[in-house]
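The block underneath contains the structure these notes are about, expressed in structure tokens.
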Amino acid sequence: MTQVAPGTAPDMHPSSPIPVHGRPLGSQVRVAVGETGMRIFPLILGGAEFGWTIDLAASHAVLDAYRQRGGNAVHTADGYASGRSEHIIGRWLASRGIRDDVVLAVRIGGHPDNPGLGSVNLVRSVEASLQRLGTDRIDVLYLDAATDGTTALEDTLATAEWLVDSGKVRALGASGYTAMQLVEARILSSAGYPRLAALDVPYNLLHRSDFDGDLRLIAGAQGLAVTPSQALEHGYLTGAHRDRTGLSASVRGSQLAARMNRRGTRVLKALDRITDELSVPTSAVAVAWLLAQRIVTAPIVNASLPGHVDQLAQGVGVKLGRSHLADIARAVE
């Protein structure tokens with residue numbers, strides 16, 4: 001009869017990896033979210049795929065994988081899948097009993113029932129999001145200026161002030177704001193309005209024009225927590241899509257096809273060289289490049305499989321050297 005070593009499960013092979021018990025190693029890795037007092041894992045899990053390309057069960061598996069890696073920050077928007085993303089995240093928070101352990105960020109302004117950032121719709125949007133999420137507060141509320149070109153910033157911040165004072169929102173972030181709007185917001189904060197603490201902007205090593213320049217300078221001067229969205233350029237920087245063969249005639253397919261040019265190919269080849277040298281996934285190198293930008297606090301990444309989370313989380317531990325950054329810079333030019 002085979003003897004089983006003490007503490008070893010009967011069906012476990014002696015050479016199997018030892019299970020890790022206790023808190024995930026990533027739970028010790030935290031960065032400050034601007035001046036909010038909140039601290040998060042330097043990789044925010046986005047909910048754009050939840051309720052759109054994957055269902056509730058698959059979404060919860062992705063969320064569980066993220067938490068198992070030490071993740072504690074989840075981002076969604078009231079317009080994602082017409083609110084289904086929020087509903088799925090809310091069910092996950094409630095079923096796991098971890099609301100107080102997660103920093104919940106929500107971008108507001110894109111839901112068709114309450115569009116824009118006008119006073120009435122802003123309050124209604126937050127109330128609707130709270131209900132779908134099954135919570136009494138939003139930790140970081142991103143105001144999406146791209147959804148509203150008419151409401152004065154002062155009016156939006158006045159309404160946001162009430163939301164903060166009532167405890168429904170802990171901190172404010174900006175999305176779609178110009179550099180001049182950020183300056184205006186800081187001037188208004190000196191008059192007593194709530195201060196913007198975070199900035200969500202599309203930014204990655206292929207898509208830099210929306211951020212590099214005045215917006216970057218102002219964000220740095222104001223000490224905003226920069227949380228770039230589209231960190232993987234709609235999936236192109238995962239390296240999984242290298243030619244137009246098999247691309248669907250969808251929005252995602254068009255986005256991927258737009259990057260399949262000489263510049264995109266050069267960038268993937270540069271990432272491939274670094275991937276081979278460091279033995280990490282291509283997507284992890286793309287995340288590591290963002291984190292190498294000192295102004296970046298935590299990229300927002302989307303995943304549709306638990307395995308994707310494992311690959312992306314490796315980027316937090318990758319430290320790119322000067323030669324790596326130089327290779328990427330040459331490829332991007």
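Every chain in the structure tokens takes a letter, A first, then B, and so on in the order presented; its residues are numbered from 1, and the ligands are numbered from 1 following the presented order.
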Test item, strand (DSSP E or B) assignment across segment 54-133 of chain A, answer as a ChimeraX atom specification: /A:54,73-77,103-108
Could you take the residues named above and write them with N, CA and C atoms, as an mmCIF file, in the first residue's frame?
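Generated output (selection_8.cif):
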```
data_model
loop_
_atom_site.group_PDB
_atom_site.id
_atom_site.type_symbol
_atom_site.label_atom_id
_atom_site.label_comp_id
_atom_site.auth_asym_id
_atom_site.auth_seq_id
_atom_site.Cartn_x
_atom_site.Cartn_y
_atom_site.Cartn_z
ATOM 1 N N ILE A 54 -19.367 37.877 -22.689
ATOM 2 C CA ILE A 54 -19.402 36.729 -21.771
ATOM 3 C C ILE A 54 -20.552 36.890 -20.783
ATOM 4 N N ALA A 73 -9.472 46.253 -7.476
ATOM 5 C CA ALA A 73 -10.092 47.419 -8.098
ATOM 6 C C ALA A 73 -10.817 46.997 -9.374
ATOM 7 N N VAL A 74 -12.096 47.303 -9.446
ATOM 8 C CA VAL A 74 -12.925 46.920 -10.597
ATOM 9 C C VAL A 74 -13.548 48.173 -11.197
ATOM 10 N N HIS A 75 -13.492 48.271 -12.513
ATOM 11 C CA HIS A 75 -14.021 49.438 -13.221
ATOM 12 C C HIS A 75 -15.126 48.996 -14.179
ATOM 13 N N THR A 76 -16.197 49.762 -14.221
ATOM 14 C CA THR A 76 -17.268 49.507 -15.181
ATOM 15 C C THR A 76 -17.869 50.847 -15.602
ATOM 16 N N ALA A 77 -18.899 50.803 -16.407
ATOM 17 C CA ALA A 77 -19.580 52.017 -16.857
ATOM 18 C C ALA A 77 -21.068 51.742 -16.937
ATOM 19 N N VAL A 103 -12.268 48.292 -4.425
ATOM 20 C CA VAL A 103 -12.445 49.680 -4.845
ATOM 21 C C VAL A 103 -13.235 49.656 -6.153
ATOM 22 N N LEU A 104 -14.426 50.207 -6.114
ATOM 23 C CA LEU A 104 -15.356 50.133 -7.237
ATOM 24 C C LEU A 104 -15.384 51.466 -7.978
ATOM 25 N N ALA A 105 -15.009 51.437 -9.247
ATOM 26 C CA ALA A 105 -14.998 52.639 -10.087
ATOM 27 C C ALA A 105 -16.051 52.511 -11.175
ATOM 28 N N VAL A 106 -16.805 53.584 -11.388
ATOM 29 C CA VAL A 106 -17.882 53.568 -12.382
ATOM 30 C C VAL A 106 -17.813 54.839 -13.229
ATOM 31 N N ARG A 107 -17.850 54.659 -14.543
ATOM 32 C CA ARG A 107 -17.920 55.809 -15.452
ATOM 33 C C ARG A 107 -19.383 56.089 -15.781
ATOM 34 N N ILE A 108 -19.781 57.331 -15.603
ATOM 35 C CA ILE A 108 -21.182 57.729 -15.727
ATOM 36 C C ILE A 108 -21.382 58.680 -16.912
#
```
Using only C-alpha atoms, tabulate the residues of segment 128-183 of chain A lying at most 12 Å from any atom of segment 188-201 of chain A, each with its closest atom pair and that distance in Å to one decimal, by chain and increasing residue number, as a tab-separated table.
```
residue	atom	partner	partner_atom	distance
A:Asp139	CA	A:Ala197	CA	11.4
A:Val140	CA	A:Ala198	CA	8.2
A:Leu141	CA	A:Ala198	CA	9.2
A:Tyr142	CA	A:Asp200	CA	7.6
A:Leu143	CA	A:Leu196	CA	9.4
A:Asp144	CA	A:Asp200	CA	9.0
A:Ala145	CA	A:Asp200	CA	11.0
A:Ala146	CA	A:Val201	CA	11.1
A:Ala152	CA	A:Leu188	CA	11.7
A:Leu153	CA	A:Leu188	CA	9.0
A:Glu154	CA	A:Leu188	CA	7.1
A:Asp155	CA	A:Tyr193	CA	10.1
A:Thr156	CA	A:Tyr193	CA	10.0
A:Leu157	CA	A:Tyr193	CA	6.3
A:Ala158	CA	A:Tyr193	CA	6.6
A:Thr159	CA	A:Tyr193	CA	9.6
A:Ala160	CA	A:Pro194	CA	7.4
A:Glu161	CA	A:Pro194	CA	5.8
A:Trp162	CA	A:Pro194	CA	9.5
A:Leu163	CA	A:Pro194	CA	10.1
A:Val164	CA	A:Pro194	CA	8.0
A:Asp165	CA	A:Pro194	CA	9.6
A:Val169	CA	A:Pro194	CA	11.0
A:Arg170	CA	A:Pro194	CA	10.4
A:Ala171	CA	A:Ala197	CA	6.8
A:Leu172	CA	A:Leu196	CA	5.1
A:Gly173	CA	A:Ala198	CA	4.3
A:Ala174	CA	A:Leu199	CA	4.8
A:Ser175	CA	A:Asp200	CA	4.9
A:Gly176	CA	A:Val201	CA	6.7
A:Tyr177	CA	A:Leu199	CA	8.4
A:Thr178	CA	A:Val201	CA	10.1
A:Ala179	CA	A:Leu199	CA	10.9
A:Gln181	CA	A:Leu188	CA	10.4
A:Leu182	CA	A:Leu196	CA	8.1
A:Val183	CA	A:Leu188	CA	8.7
```
Could you make a table, as a tab-separated table, of the residues of segment 14-108 of chain A that have an atom within 12 Å of an atom of segment 289-296 of chain A, each with its nearest atom pair and distance in Å to one decimal, counting only C-alpha atoms, in chain and number order?
```
residue	atom	partner	partner_atom	distance
A:Val31	CA	A:Val296	CA	10.4
A:Ala32	CA	A:Val296	CA	11.1
A:Val33	CA	A:Val296	CA	10.4
A:Gly34	CA	A:Val296	CA	10.7
A:Phe41	CA	A:Leu291	CA	11.8
A:Pro42	CA	A:Leu291	CA	8.1
A:Leu43	CA	A:Leu291	CA	9.1
A:Ile44	CA	A:Val296	CA	11.9
```
Measuring atom to atom with only C-alpha atoms, identify which of A:Met260, A:Val285, A:Leu224, A:Leu278 is nearest to Glu35 of chain A. A:Leu224
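Atom pair atom CA of Ser279 of chain A / atom CA of Leu63 of chain A has a distance of 25.1 Å (rounded to one decimal).
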Quick one: pick out all alpha helix (DSSP H) residues within segment 9-228 of chain A from a backbone DSSP run and write them as JSON, numbers by chain. {"A": [56, 57, 58, 59, 60, 61, 62, 63, 64, 65, 66, 67, 68, 84, 85, 86, 87, 88, 89, 90, 91, 92, 93, 94, 95, 96, 119, 120, 121, 122, 123, 124, 125, 126, 127, 128, 129, 130, 131, 132, 133, 153, 154, 155, 156, 157, 158, 159, 160, 161, 162, 163, 164, 165, 179, 180, 181, 182, 183, 184, 185, 186, 187, 188, 189, 214, 215, 216, 217, 218, 219, 220, 221, 222]}
Neighbours of Asp100 of chain A within 12 Å (only C-alpha atoms; same-chain residues fewer than 6 positions away dropped), as a VMD selection string? chain A and resid 38 72 to 73 93 to 94 135 to 139
Go ahead and save the picked residues with all heavy atoms, as an mmCIF file, in the first residue's frame.
```cif
data_model
loop_
_atom_site.group_PDB
_atom_site.id
_atom_site.type_symbol
_atom_site.label_atom_id
_atom_site.label_comp_id
_atom_site.auth_asym_id
_atom_site.auth_seq_id
_atom_site.Cartn_x
_atom_site.Cartn_y
_atom_site.Cartn_z
ATOM 1 N N MET A 38 -7.322 55.967 -0.962
ATOM 2 C CA MET A 38 -7.537 54.582 -1.380
ATOM 3 C C MET A 38 -6.259 54.019 -1.993
ATOM 4 O O MET A 38 -5.507 54.733 -2.659
ATOM 5 C CB MET A 38 -8.694 54.497 -2.382
ATOM 6 C CG MET A 38 -10.049 54.771 -1.785
ATOM 7 S SD MET A 38 -11.392 54.729 -3.012
ATOM 8 C CE MET A 38 -11.447 56.441 -3.535
ATOM 9 N N ASN A 72 -7.876 44.245 -6.444
ATOM 10 C CA ASN A 72 -8.920 44.791 -5.574
ATOM 11 C C ASN A 72 -9.604 46.021 -6.159
ATOM 12 O O ASN A 72 -10.256 46.775 -5.430
ATOM 13 C CB ASN A 72 -8.333 45.154 -4.202
ATOM 14 C CG ASN A 72 -7.461 46.408 -4.250
ATOM 15 O OD1 ASN A 72 -6.781 46.669 -5.261
ATOM 16 N ND2 ASN A 72 -7.475 47.182 -3.180
ATOM 17 N N ALA A 73 -9.472 46.253 -7.476
ATOM 18 C CA ALA A 73 -10.092 47.419 -8.098
ATOM 19 C C ALA A 73 -10.817 46.997 -9.374
ATOM 20 O O ALA A 73 -10.217 46.404 -10.274
ATOM 21 C CB ALA A 73 -9.048 48.488 -8.416
ATOM 22 N N LEU A 93 -20.011 40.818 -6.108
ATOM 23 C CA LEU A 93 -19.652 41.426 -4.823
ATOM 24 C C LEU A 93 -20.520 40.880 -3.699
ATOM 25 O O LEU A 93 -20.031 40.568 -2.608
ATOM 26 C CB LEU A 93 -19.803 42.945 -4.907
ATOM 27 C CG LEU A 93 -18.804 43.694 -5.799
ATOM 28 C CD1 LEU A 93 -19.221 45.152 -5.947
ATOM 29 C CD2 LEU A 93 -17.391 43.602 -5.250
ATOM 30 N N ALA A 94 -21.816 40.741 -3.966
ATOM 31 C CA ALA A 94 -22.738 40.266 -2.934
ATOM 32 C C ALA A 94 -22.516 38.791 -2.620
ATOM 33 O O ALA A 94 -22.490 38.388 -1.450
ATOM 34 C CB ALA A 94 -24.174 40.494 -3.382
ATOM 35 N N THR A 135 -25.078 48.257 -4.082
ATOM 36 C CA THR A 135 -24.217 48.859 -3.078
ATOM 37 C C THR A 135 -24.738 50.243 -2.706
ATOM 38 O O THR A 135 -25.629 50.779 -3.382
ATOM 39 C CB THR A 135 -22.763 48.967 -3.593
ATOM 40 O OG1 THR A 135 -21.910 49.441 -2.555
ATOM 41 C CG2 THR A 135 -22.682 49.907 -4.781
ATOM 42 N N ASP A 136 -24.193 50.814 -1.634
ATOM 43 C CA ASP A 136 -24.635 52.134 -1.198
ATOM 44 C C ASP A 136 -23.669 53.240 -1.590
ATOM 45 O O ASP A 136 -23.900 54.407 -1.292
ATOM 46 C CB ASP A 136 -24.829 52.147 0.327
ATOM 47 C CG ASP A 136 -23.538 51.853 1.080
ATOM 48 O OD1 ASP A 136 -22.555 51.426 0.435
ATOM 49 O OD2 ASP A 136 -23.506 52.049 2.315
ATOM 50 N N ARG A 137 -22.560 52.864 -2.280
ATOM 51 C CA ARG A 137 -21.575 53.881 -2.634
ATOM 52 C C ARG A 137 -20.752 53.446 -3.843
ATOM 53 O O ARG A 137 -20.567 52.262 -4.100
ATOM 54 C CB ARG A 137 -20.633 54.128 -1.456
ATOM 55 C CG ARG A 137 -19.728 52.945 -1.165
ATOM 56 C CD ARG A 137 -19.097 53.004 0.195
ATOM 57 N NE ARG A 137 -18.174 51.900 0.430
ATOM 58 C CZ ARG A 137 -18.553 50.658 0.760
ATOM 59 N NH1 ARG A 137 -19.841 50.356 0.894
ATOM 60 N NH2 ARG A 137 -17.647 49.727 0.971
ATOM 61 N N ILE A 138 -20.265 54.437 -4.548
ATOM 62 C CA ILE A 138 -19.299 54.249 -5.624
ATOM 63 C C ILE A 138 -17.996 54.870 -5.143
ATOM 64 O O ILE A 138 -17.973 56.015 -4.704
ATOM 65 C CB ILE A 138 -19.770 54.920 -6.929
ATOM 66 C CG1 ILE A 138 -21.007 54.201 -7.472
ATOM 67 C CG2 ILE A 138 -18.658 54.925 -7.964
ATOM 68 C CD1 ILE A 138 -21.680 54.926 -8.625
ATOM 69 N N ASP A 139 -16.912 54.117 -5.201
ATOM 70 C CA ASP A 139 -15.654 54.612 -4.659
ATOM 71 C C ASP A 139 -15.038 55.708 -5.528
ATOM 72 O O ASP A 139 -14.567 56.723 -5.015
ATOM 73 C CB ASP A 139 -14.675 53.454 -4.470
ATOM 74 C CG ASP A 139 -15.176 52.459 -3.429
ATOM 75 O OD1 ASP A 139 -15.563 52.893 -2.333
ATOM 76 O OD2 ASP A 139 -15.213 51.248 -3.734
#
```
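Separating atom CA of Ser82 of chain A from atom CA of Phe211 of chain A is a distance of 27.7 Å.
If only C-alpha atoms are the atoms counted, then among A:Ile89, A:Ile40, A:Val267, A:Ala288 the closest residue to Ala57 of chain A is A:Ile89.
Each of A:Val332, A:Arg186, A:Lys319, A:Ser304 was compared to Ala270 of chain A using only C-alpha atoms, and A:Val332 turns out to be the nearest.
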Could you tell me how far atom CA of Val120 of chain A lies from atom CA of Tyr80 of chain A, in Å and to one decimal?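 About the pair atom CA of Val120 of chain A and atom CA of Tyr80 of chain A: they are 20.6 Å apart.
Between Asn121 of chain A and the candidates A:Gly134, A:Gln68, A:Ala48, A:Asp148, the tightest atom-to-atom separation, counting only C-alpha atoms, involves A:Asp148.
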Which residue gives the smallest distance to Asn204 of chain A among A:Gly149, A:Pro306, A:Pro281, A:Pro299, with only C-alpha atoms counted?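 Closest residue, counting only C-alpha atoms: A:Pro299.
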If you count only C-alpha atoms, which residues fall within 9 Å of Gly51 of chain A, apart from same-chain ones fewer than 2 positions away, as a list of chain:residue names? A:Gly47, A:Ala48, A:Glu49, A:Thr53, A:Ile54, A:Asp55, A:Leu56, A:Ser59, A:Tyr80, A:Ala81, A:Ser82, A:Gly83, A:Arg84, A:Ser85, A:Glu86, A:His87, A:Ile88
